[in-house]
Every structure is written in C-alpha cells, then in structure tokens.
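Working notes for the structure below.
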Amino acid sequence: TKRVFSAFTASGHLTLGNLLGAMLPAVRLQDEADCVYAVANLHALTVKHDPALLRERTLEMATLMLACGMDRSLVYIQSEVPAHTELSYLLECTAHYGEMRRMIQFKEKSAGNEEVRLSLLTYPALMAADILLHRAHQVPVGEDQRQHVELTRDLALRFNHRYGETFTLPEAVHPPVAARVMDLADPTAKMSKSRGSAGTIYLLDDPADAHRKVMRAVTDSGGEVVHDPANKPGVSNLLTILSACTGRPVESFSYEGYGALKRDVAEAVVETLRPIRERHAELSADPAELSRILTGGAARAAERTAGLMAAARQAIGLPSTA
Ligand code: ATP
Ligand code: MG
C-alpha cells in the first residue's frame, strides 16, 4: 500500500490556507493510503518562540488535525519520537551548506532578522528526516513546500547512491486548486500562520469574524469577476477559495460584481469551518482522550520507524549494537 506523510508546524493557529492546501487533501488520502500526520513542534523552534505558547499550540494543532478528520491516520507529536532528530543529523551529514542556503523559505524567514537560528538553515534536513523515516511515497503539501520535498528526494538519492539503498523517494502532491491560498488583505502574499494579518482566516475564528474578513478582502481594479491570478490576484484568490470549499470548478462560477462573490465565499468558508469547530469543541472537552491518542501514536511511530533508523545507521557506518 501507498504510504503518505505530512506535518504541520506548531508556529501559530492553523489557517484556511493550511486547511485547503494540505489538511483536507491529507484527509482525502486516508481512503487510499496508509497515512501518518505529525505536529511539527521541533520545526517551530527555528524562529523566536515562547515555550508556554508552543506547548499550548502543539495540543491545539493536534486537536484540530483530528477535528479535520485525520482520526483514521497515525497522528503524533514530532518531538516524542527521537528518531526524527537522529535521522536529521545523518541527513545534515548528507546535505551541503550551499543547497540549504538556497532554499526560498530560509531566505524569506531569515531576511531582516539579526538572530537567525542555525536550525532555520538546517530545517530542510529535519523535514527530510520526517518524510524519509516513514518511507513515504507521497507528501501532501501546499505549493510553497515543493522545493523542500525536492531537496528531500535529492538527499535520499545521494544517501542511497553513497551508502546503499536505504530510503524511498517521495513526491510532493498538491491539490488541484488552493495549493497556494493568498492573504485576503494582501493577495500577493501567501496566507501564513506565523505571519498573520487582518486577511488571515483561522480555523477557530468565530463565524462572524471569518465572514467579515472575507467581506473586507482586497479586490482588484475593474469590476469583472474573472480568474486571472497575474492581473487579478484578489478576485482569483476568492474564486479559488470558493472552488476548494464547494468542490465546484472555478469555471463554473459567474458573478456580476464583487459583492455577490464575496457573500458566497464568506458563506462557503463559514460552512467549511463549522464542522471543524464543532468537532474541535467535542475533542477539547476530553483532554484525556487526546493524550491517549498522542501517546499511542508516538509509540506506534517509534515502532514503525525503528527498522528504517537501524538501516540508516548501519549504512552510514555507525555500529548497530541493538
Ligand atoms: P509558517 O508561517 O510557520 O511557515 P504555514 O502557514 O506556512 O506556517 P506550515 O506548517 O509551514 O504552515 O505548513 C503546513 C502545510 O500547509 C504545508 O503543507 C504548507 O505547504 C501548507 N500551506 C501553508 N500555507 C499555505 C497556503 N497559503 N496555501 C496553501 N497551502 C499552504
Ligand atoms: Mg510554512
């Protein structure tokens, strides 16, 4: 069977971009594959963070992942399975400084920052370890993560070539629409959970807030509603969101003006978030159940990845005493 892995950084509240670009596609893959989804709390340590807040967000994220429908997958917290950091080190010894420095995410997140954590540079090695540890064939992610998955393939190939077949080569899979949801207040920027703005919709926003954010979305000059991302980024983003939330193709929509489009988008977003909010409330009422799921998930993940970890250690020249 096909194996699937993806992870979500505990760097803020999950957004509509995370949901449409990666979470719902990940949920759909459960019908056809063996799926593993992790809360990437170690990745959240790559930029300035608050320890208490990180702990809180890690649990919120796990709860939301289950609330979105990942309850048929193996779900756990990255830091609870030490093999992630161990394999990451072996991959740092496989990767080159130059290829890490060239990553777009590193350039963006380090720009203008005086205290760049070293882990921000090595982030892709940890992400590669996450994926390779589970011998994943497919990685459902938004468009922005394509480069990191390509680097993961390069590292896997290089390692296999040098030390013998060890890793499975993964491929990124992106949803047909909404692989890059833009910020409603600035449709030239990606909607992001760590760099929130008035145009960021969070999964737990109350319906009135989510509705208002859509109604205030920045649109483009000229009144026609057409899907043309280069010239009409605002309207195109709204059409994309509408398509992803309703399951209807972008071409099927026809609107006379921005007002009617926004009202339909606002309603579709609120309806998409409603069941997630409800399920989140139910799950939050039972923290013991959540902790049971996460503890069990980490134990199973450790068990499932032990063989691969031993093979990687052996291949690179470390003694296997176990
Ligand atoms: P951060 O700002 O901390 O990087 P993020 O919003 O980019 O947060 P990640 O945890 O880095 O979220 O990414 C989780 C998943 O969501 C990844 O698969 C990523 O590609 C996807 N994703 C993130 N932002 C968007 C977006 N605007 N549109 C579509 N997919 C997205
Ligand atoms: Mg990101």
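We label chains A, B, ... in the order they appear in the structure tokens, count residues from 1 in each chain, and number ligands from 1 in the order shown.
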
Test item: residues no farther than 8 Å from ligand 1, counting only C-alpha atoms and all ligand atoms, as number ranges by chain | A: 6-12, 14-23, 40, 44, 140-146, 178-183, 190-195

So which residues of segment 39-148 of chain A fall under alpha helix (DSSP H) by DSSP, listed as a PyMOL selection string?
-> chain A and resi 51-67+83-92+97-101+104-110+118-133+146-148

Leaving out Ala301 of chain A and any residue of its chain fewer than 2 positions from it, which residues lie within 8 Å of it when counting only C-alpha atoms, given as a list in words?
->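 With the cut-off at 8 Å, the set is Leu74, Tyr76, Val81, Gly297, Ala298, Ala299, Glu303, Arg304 and Thr305 of chain A.
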
Would you mind telling me which residue in A:Ala95, A:Met215, A:Leu66, A:Met127 lies nearest to ligand 2 when using only C-alpha atoms and all ligand atoms?
->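 For ligand 2, the nearest of the given residues is A:Met127.
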
With a distance cut-off of 9 Å and only C-alpha atoms, select the neighbouring residues of segment 57-65 of chain A, excluding the residue or stretch itself and same-chain residues fewer than 4 positions from it, and output the selection as a VMD selection string.
-> chain A and resid 8 to 14 23 37 to 41 52 to 53 69 to 71 75 to 77 203 to 204 276 to 277 279 to 280 283 to 284 290 to 291 294

Minimum-distance residue to ligand 2, chosen among A:Ser73, A:Gln147, A:Asn231, A:Gln138 (using only C-alpha atoms and all ligand atoms) = A:Gln147

With only C-alpha atoms as the basis for distance, which of A:Leu87, A:Ala208, A:Leu184, A:Leu120 is at the shortest distance from Pro233 of chain A?
->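 Selected residue with least distance to Pro233 of chain A: A:Leu184.
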
Choose the residue, out of A:Thr166, A:Asn160, A:Gln314, A:Gln30, that has the smallest atom-to-atom separation from Thr1 of chain A; count only C-alpha atoms.
->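 Among the listed residues, the smallest separation from Thr1 of chain A belongs to A:Gln30.
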
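Candidate residues A:Leu91, A:Leu24, A:Leu155, A:Ala288 were compared for distance to Arg313 of chain A, and the nearest is A:Leu91, using only C-alpha atoms.
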
Point out the residue among A:Ile293, A:Val27, A:Ala128, A:Leu45 with the least atom-to-atom distance to Arg153 of chain A, counting only C-alpha atoms.
-> A:Ala128

Considering only C-alpha atoms, return as a VMD selection string whatever protein or nucleic-acid residues lie within 10 Å of Lys107 of chain A, sequence-local ones (same chain, fewer than 6 positions apart) excluded.
-> chain A and resid 100 to 101 120 to 121

Got a sec to tell me which of segment 138-269 of chain A DSSP assigns to strand (DSSP E or B), as a list in words?
->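 Of segment 138-269 of chain A, only Gln138, Val139, Pro140, Glu171, Ala172, Val173, Met182, Lys190 and Tyr202 of chain A fall in strand (DSSP E or B).
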
Can you work out the spacing between atom CA of Val177 of chain A and atom CA of Asp206 of chain A in Å, to one decimal?
->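 Computing the Euclidean distance for atom CA of Val177 of chain A and atom CA of Asp206 of chain A yields 24.8 Å.
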
Between atom CA of Tyr123 of chain A and atom CA of Gly296 of chain A, distance in Å (one decimal) =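 We find that atom CA of Tyr123 of chain A and atom CA of Gly296 of chain A lie 26.4 Å from each other.
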